[in-house]
Amino acid sequence: MDIEALSKVPTGTPGLDDVLHGGVPEGQTTIVTGGAGTGKTILALQFLAAGEHSLYVGFEERERELRRNADALGIDLSNVTIRDLSPGGDVFFTDDSYTVFPSEEVDGEELIDQIATELEENDIDRLVIDPLSELHSLLPDDFQFRRKITSLFNALTDRDVTTVCTAKPAETPSEDDLQFLGTSVIELQRTTDRRTLEVTKYRGSGFENGVHTYRIHSDTGGRVYPKLVPGDHQQEHDRSQLPSDVVGLDELLHGGIARGSVTVISGPSGVGKTTTGSQFLQAAASRGERSLLYLFEELRDDYLHRSSKLGMNVESLADAGDLEVEAVEALTQSPDEFATHVREAVEERDVEFVMLDGIVGYRQGLRGDESPDALARELHALCRYLKRMGVTVVLIEEVQYVTGEFSPTAHDISYLADNIIFLRYLETDGELRKAIGVLKNRYGDFENSLRTLSIESDAGIRVGDPISGYHGLLTGIAEPTDRPERDDTSY
């Protein structure tokens, strides 16, 4: 095989070709391994459905059931010839204790010859053997098994047949050899939370490393959601300032946030973080920049209703298609799936502004085996990708304090931020008030003062004048700077 000239054919599984950098090797054999229920057969059937002259050799499922199940998943097998070698029901009532296969199919060598004949007579270009390990029971010993399988793979390569063989996890050394015989090896796994796919070998080709999400949809079959690699994406963009159209807030930022930057808006519950972020979102959509809001902690209808009560026009912008508002149901997606959805929005719908509300919901709402540290890395990769694509990002971050010790973020994500806008409560003269300030603006200057913040019905947020005459503002308990000193001699 000339490695430099290695050609590939599509797998038929959305997302898998991205992981394999184009598809499975043409005229070579790919081994798909995995336990029961991991989706090996579905992946194999989608591979066959993507071809013109395909042959399926199966040992475990009856043809009528295979076609019915494939049809339910939206997989068209009309161009697929199926050689059904599963045992018939009458075998249960026979006295034949030697094998569950009919006598004419007991000889593994004869079976391999039959497959070769069918390939030649029907001009087959795609073949699936499901599972290949079943042939082991039809051959006399491990030596004959390795010998015959190697011979079969060589014959298929000589005939330029692209082959996918499924295999169960190896139980014997000879079955483990199957992975070494294939040009590429794909491993499927299933946990209680999700299915995953990993390429463990691809001779002569690069591929996307790591564990990727593999999901089986009830109407479209299997789909792979590749792990996001930010460095694979780049788009030129300017650093122009994007205002919020709230006068006091834009004065704090000396004009606005930079295009293609990441802004974290942090603060305790109820202080106005989502409303503040929505001002930037609304302003971007009003300028004609396609904008997208992901709600992790609030229902879409509740958000639109609340925004309209504040005099914001996000609902009309959503109706016009300039602003997309999507509520992410908890525990329905993995980070890979969510990242794929964001990529599709950016690359297919030209979205330029993305807001995630909020980070706590992102960490708790995306399912999988990810630890908090792993989810932080996923969020980092997503933000890096969006920055490289010139998309402006706003992250809403909730902190636990109301008053007391000041911390700009609660989940160590400040390193992600180009800009940090913080909101907090202040106690002044026995009254609870709100304040807003800027802690960081990577691409420009900003005002160092704290300003008053209010949220008014039919008027949205208002950012007032800088707060003066007090010290200890960041502790949340503000004290007048001109308070008279206590006179202890009066006691």
# chains A, B, ... in the order shown; residues from 1 in each chain; ligands from 1

$ residues_around --residues "Thr452 in chain A" --least-positions-apart "4" --cutoff "7 Å" --atoms "only C-alpha atoms" --output "number ranges by chain"
A: 434-436, 463-467

$ residues_around --residues "range 242-251 of chain A" --least-positions-apart "3" --cutoff "8 Å" --atoms "only C-alpha atoms" --output "list in words"
His254, Gly255, Gly256, Ile257, Ala258, Arg259, Gln279, Phe280, Leu281, Gln282, Ala283, Ala284, Phe446, Glu447, Ile461, Arg462, Val463, Gly464 and Asp465 of chain A

$ residues_around --residues "Gly231 in chain A" --least-positions-apart "4" --cutoff "10 Å" --atoms "only C-alpha atoms" --output "PyMOL selection string"
chain A and resi 381+384-385+388

$ residues_around --residues "range 218-226 of chain A" --least-positions-apart "4" --cutoff "7 Å" --atoms "only C-alpha atoms" --output "ChimeraX atom specification"
/A:13-16,19,42-43,72-75,212-214,336-337,340

$ atom_distance --atom1 "CA of Ala36 in chain A" --atom2 "CA of Lys168 in chain A"
7.7 Å

$ atom_distance --atom1 "CA of Asn448 in chain A" --atom2 "CA of Thr263 in chain A"
17.0 Å

$ atom_distance --atom1 "CA of Asn419 in chain A" --atom2 "CA of Lys440 in chain A"
4.9 Å

$ residues_around --residues "Ser151 in chain A" --least-positions-apart "5" --cutoff "12 Å" --atoms "only C-alpha atoms" --output "PyMOL selection string"
chain A and resi 109+112-113+116+144-146+156-158+181

$ residues_around --residues "range 205-207 of chain A" --least-positions-apart "2" --cutoff "9 Å" --atoms "only C-alpha atoms" --output "MDAnalysis selection string"
chainID A and resid 3:4 6 18:22 25 199 201:203 209

$ write_last_selection --atoms "C-alpha atoms" --output "PDB file, in the first residue's frame"
ATOM      1  CA  ILE A   3       0.716   5.414   2.199  1.00  0.00           C
ATOM      2  CA  GLU A   4       0.983   8.758   0.422  1.00  0.00           C
ATOM      3  CA  LEU A   6      -4.134   6.306   0.601  1.00  0.00           C
ATOM      4  CA  ASP A  18     -14.243  14.236  10.553  1.00  0.00           C
ATOM      5  CA  VAL A  19     -12.651  11.990  13.181  1.00  0.00           C
ATOM      6  CA  LEU A  20     -11.097   9.769  10.482  1.00  0.00           C
ATOM      7  CA  HIS A  21      -9.921  12.724   8.361  1.00  0.00           C
ATOM      8  CA  GLY A  22     -12.064  11.694   5.419  1.00  0.00           C
ATOM      9  CA  PRO A  25      -9.335   3.375   3.975  1.00  0.00           C
ATOM     10  CA  VAL A 199      -9.885   5.490  16.972  1.00  0.00           C
ATOM     11  CA  LYS A 201      -5.259   2.708  15.059  1.00  0.00           C
ATOM     12  CA  TYR A 202      -5.159   4.088  11.524  1.00  0.00           C
ATOM     13  CA  ARG A 203      -2.194   2.906   9.523  1.00  0.00           C
ATOM     14  CA  ASN A 209      -7.289  11.601  18.997  1.00  0.00           C
TER      15      ASN A 209
END

$ select_by_dssp --residues "range 104-216 of chain A" --states "strand (DSSP E or B)" --output "PyMOL selection string"
chain A and resi 126-130+162-167+184-190+195-202+212-216

$ select_by_dssp --residues "range 102-271 of chain A" --states "alpha helix (DSSP H)" --output "NGL selection string"
:A and (108-121 or 142-158 or 173-176 or 178-181 or 247-252)

$ closest_residue --among "A:Ser184, A:Asn69, A:Leu55, A:Gln114" --to "Val128 in chain A" --atoms "only C-alpha atoms"
A:Leu55

$ residues_around --residues "Leu77 in chain A" --least-positions-apart "3" --cutoff "7 Å" --atoms "only C-alpha atoms" --output "list in words"
Ala49, Arg67 and Val80 of chain A

$ write_last_selection --atoms "N, CA and C atoms" --output "compact mmCIF listing (two decimals), in the first residue's frame"
# COMPACT_ATOMS: atom_id res chain seq x y z
N ALA A 49 -25.00 1.38 3.67
CA ALA A 49 -26.03 2.20 3.02
C ALA A 49 -25.43 3.35 2.22
N ARG A 67 -33.53 -5.51 8.65
CA ARG A 67 -34.08 -4.47 7.76
C ARG A 67 -35.14 -3.63 8.48
N VAL A 80 -28.41 -3.00 -0.35
CA VAL A 80 -27.57 -3.91 0.42
C VAL A 80 -28.08 -5.34 0.29

$ closest_residue --among "A:Asp301, A:Glu110, A:Asp84, A:Asp232" --to "Tyr56 in chain A" --atoms "only C-alpha atoms"
A:Asp84

$ decode --residues "range 252-328 of chain A" --atoms "C-alpha atoms" --output "PDB file, in the first residue's frame"
ATOM      1  CA  LEU A 252     -17.303  51.935  32.188  1.00  0.00           C
ATOM      2  CA  LEU A 253     -15.851  49.944  29.276  1.00  0.00           C
ATOM      3  CA  HIS A 254     -14.664  53.034  27.370  1.00  0.00           C
ATOM      4  CA  GLY A 255     -16.878  52.106  24.446  1.00  0.00           C
ATOM      5  CA  GLY A 256     -17.745  48.419  24.775  1.00  0.00           C
ATOM      6  CA  ILE A 257     -16.237  44.947  24.502  1.00  0.00           C
ATOM      7  CA  ALA A 258     -13.954  43.877  21.669  1.00  0.00           C
ATOM      8  CA  ARG A 259     -15.269  41.747  18.845  1.00  0.00           C
ATOM      9  CA  GLY A 260     -14.051  38.170  19.193  1.00  0.00           C
ATOM     10  CA  SER A 261     -13.429  38.512  22.933  1.00  0.00           C
ATOM     11  CA  VAL A 262     -14.733  36.506  25.908  1.00  0.00           C
ATOM     12  CA  THR A 263     -16.564  38.454  28.593  1.00  0.00           C
ATOM     13  CA  VAL A 264     -17.457  37.027  32.001  1.00  0.00           C
ATOM     14  CA  ILE A 265     -20.317  38.747  33.823  1.00  0.00           C
ATOM     15  CA  SER A 266     -20.288  37.578  37.432  1.00  0.00           C
ATOM     16  CA  GLY A 267     -22.327  38.202  40.532  1.00  0.00           C
ATOM     17  CA  PRO A 268     -24.695  36.649  43.090  1.00  0.00           C
ATOM     18  CA  SER A 269     -28.203  35.414  42.373  1.00  0.00           C
ATOM     19  CA  GLY A 270     -30.730  38.058  41.367  1.00  0.00           C
ATOM     20  CA  VAL A 271     -28.281  40.912  40.926  1.00  0.00           C
ATOM     21  CA  GLY A 272     -28.923  41.297  37.169  1.00  0.00           C
ATOM     22  CA  LYS A 273     -26.240  39.265  35.401  1.00  0.00           C
ATOM     23  CA  THR A 274     -28.486  37.809  32.679  1.00  0.00           C
ATOM     24  CA  THR A 275     -30.148  41.162  32.075  1.00  0.00           C
ATOM     25  CA  THR A 276     -26.754  42.852  31.723  1.00  0.00           C
ATOM     26  CA  GLY A 277     -25.530  40.209  29.301  1.00  0.00           C
ATOM     27  CA  SER A 278     -28.769  40.464  27.355  1.00  0.00           C
ATOM     28  CA  GLN A 279     -28.062  44.146  26.716  1.00  0.00           C
ATOM     29  CA  PHE A 280     -24.958  43.179  24.740  1.00  0.00           C
ATOM     30  CA  LEU A 281     -26.882  40.381  23.027  1.00  0.00           C
ATOM     31  CA  GLN A 282     -29.771  42.657  22.067  1.00  0.00           C
ATOM     32  CA  ALA A 283     -27.431  45.374  20.828  1.00  0.00           C
ATOM     33  CA  ALA A 284     -25.534  42.913  18.617  1.00  0.00           C
ATOM     34  CA  ALA A 285     -28.724  41.478  17.108  1.00  0.00           C
ATOM     35  CA  SER A 286     -30.111  44.991  16.531  1.00  0.00           C
ATOM     36  CA  ARG A 287     -26.949  45.819  14.549  1.00  0.00           C
ATOM     37  CA  GLY A 288     -27.647  42.842  12.270  1.00  0.00           C
ATOM     38  CA  GLU A 289     -25.117  40.462  13.853  1.00  0.00           C
ATOM     39  CA  ARG A 290     -26.658  37.003  14.175  1.00  0.00           C
ATOM     40  CA  SER A 291     -26.747  36.233  17.882  1.00  0.00           C
ATOM     41  CA  LEU A 292     -27.412  33.114  19.919  1.00  0.00           C
ATOM     42  CA  LEU A 293     -28.321  32.632  23.574  1.00  0.00           C
ATOM     43  CA  TYR A 294     -28.060  29.261  25.311  1.00  0.00           C
ATOM     44  CA  LEU A 295     -30.134  29.052  28.485  1.00  0.00           C
ATOM     45  CA  PHE A 296     -28.881  26.416  30.922  1.00  0.00           C
ATOM     46  CA  GLU A 297     -30.837  27.594  33.949  1.00  0.00           C
ATOM     47  CA  GLU A 298     -34.075  29.116  32.637  1.00  0.00           C
ATOM     48  CA  LEU A 299     -36.917  28.160  30.296  1.00  0.00           C
ATOM     49  CA  ARG A 300     -37.090  30.003  26.981  1.00  0.00           C
ATOM     50  CA  ASP A 301     -40.638  31.309  27.515  1.00  0.00           C
ATOM     51  CA  ASP A 302     -39.766  32.528  31.016  1.00  0.00           C
ATOM     52  CA  TYR A 303     -36.724  34.392  29.706  1.00  0.00           C
ATOM     53  CA  LEU A 304     -38.649  36.045  26.870  1.00  0.00           C
ATOM     54  CA  HIS A 305     -41.497  37.045  29.185  1.00  0.00           C
ATOM     55  CA  ARG A 306     -39.126  38.489  31.782  1.00  0.00           C
ATOM     56  CA  SER A 307     -37.175  40.391  29.134  1.00  0.00           C
ATOM     57  CA  SER A 308     -40.316  41.930  27.662  1.00  0.00           C
ATOM     58  CA  LYS A 309     -41.358  43.131  31.125  1.00  0.00           C
ATOM     59  CA  LEU A 310     -38.048  45.006  31.289  1.00  0.00           C
ATOM     60  CA  GLY A 311     -38.736  46.759  28.005  1.00  0.00           C
ATOM     61  CA  MET A 312     -36.223  44.723  26.019  1.00  0.00           C
ATOM     62  CA  ASN A 313     -37.008  43.692  22.435  1.00  0.00           C
ATOM     63  CA  VAL A 314     -35.323  40.276  22.432  1.00  0.00           C
ATOM     64  CA  GLU A 315     -38.604  38.518  21.592  1.00  0.00           C
ATOM     65  CA  SER A 316     -39.143  40.580  18.451  1.00  0.00           C
ATOM     66  CA  LEU A 317     -35.515  40.018  17.449  1.00  0.00           C
ATOM     67  CA  ALA A 318     -36.029  36.276  17.979  1.00  0.00           C
ATOM     68  CA  ASP A 319     -39.198  36.345  15.866  1.00  0.00           C
ATOM     69  CA  ALA A 320     -37.288  38.139  13.110  1.00  0.00           C
ATOM     70  CA  GLY A 321     -34.526  35.509  13.167  1.00  0.00           C
ATOM     71  CA  ASP A 322     -31.748  37.878  14.210  1.00  0.00           C
ATOM     72  CA  LEU A 323     -31.537  36.329  17.687  1.00  0.00           C
ATOM     73  CA  GLU A 324     -31.800  32.636  18.530  1.00  0.00           C
ATOM     74  CA  VAL A 325     -32.810  31.673  22.063  1.00  0.00           C
ATOM     75  CA  GLU A 326     -32.350  28.004  22.947  1.00  0.00           C
ATOM     76  CA  ALA A 327     -32.964  26.371  26.313  1.00  0.00           C
ATOM     77  CA  VAL A 328     -30.621  23.430  26.894  1.00  0.00           C
TER      78      VAL A 328
END
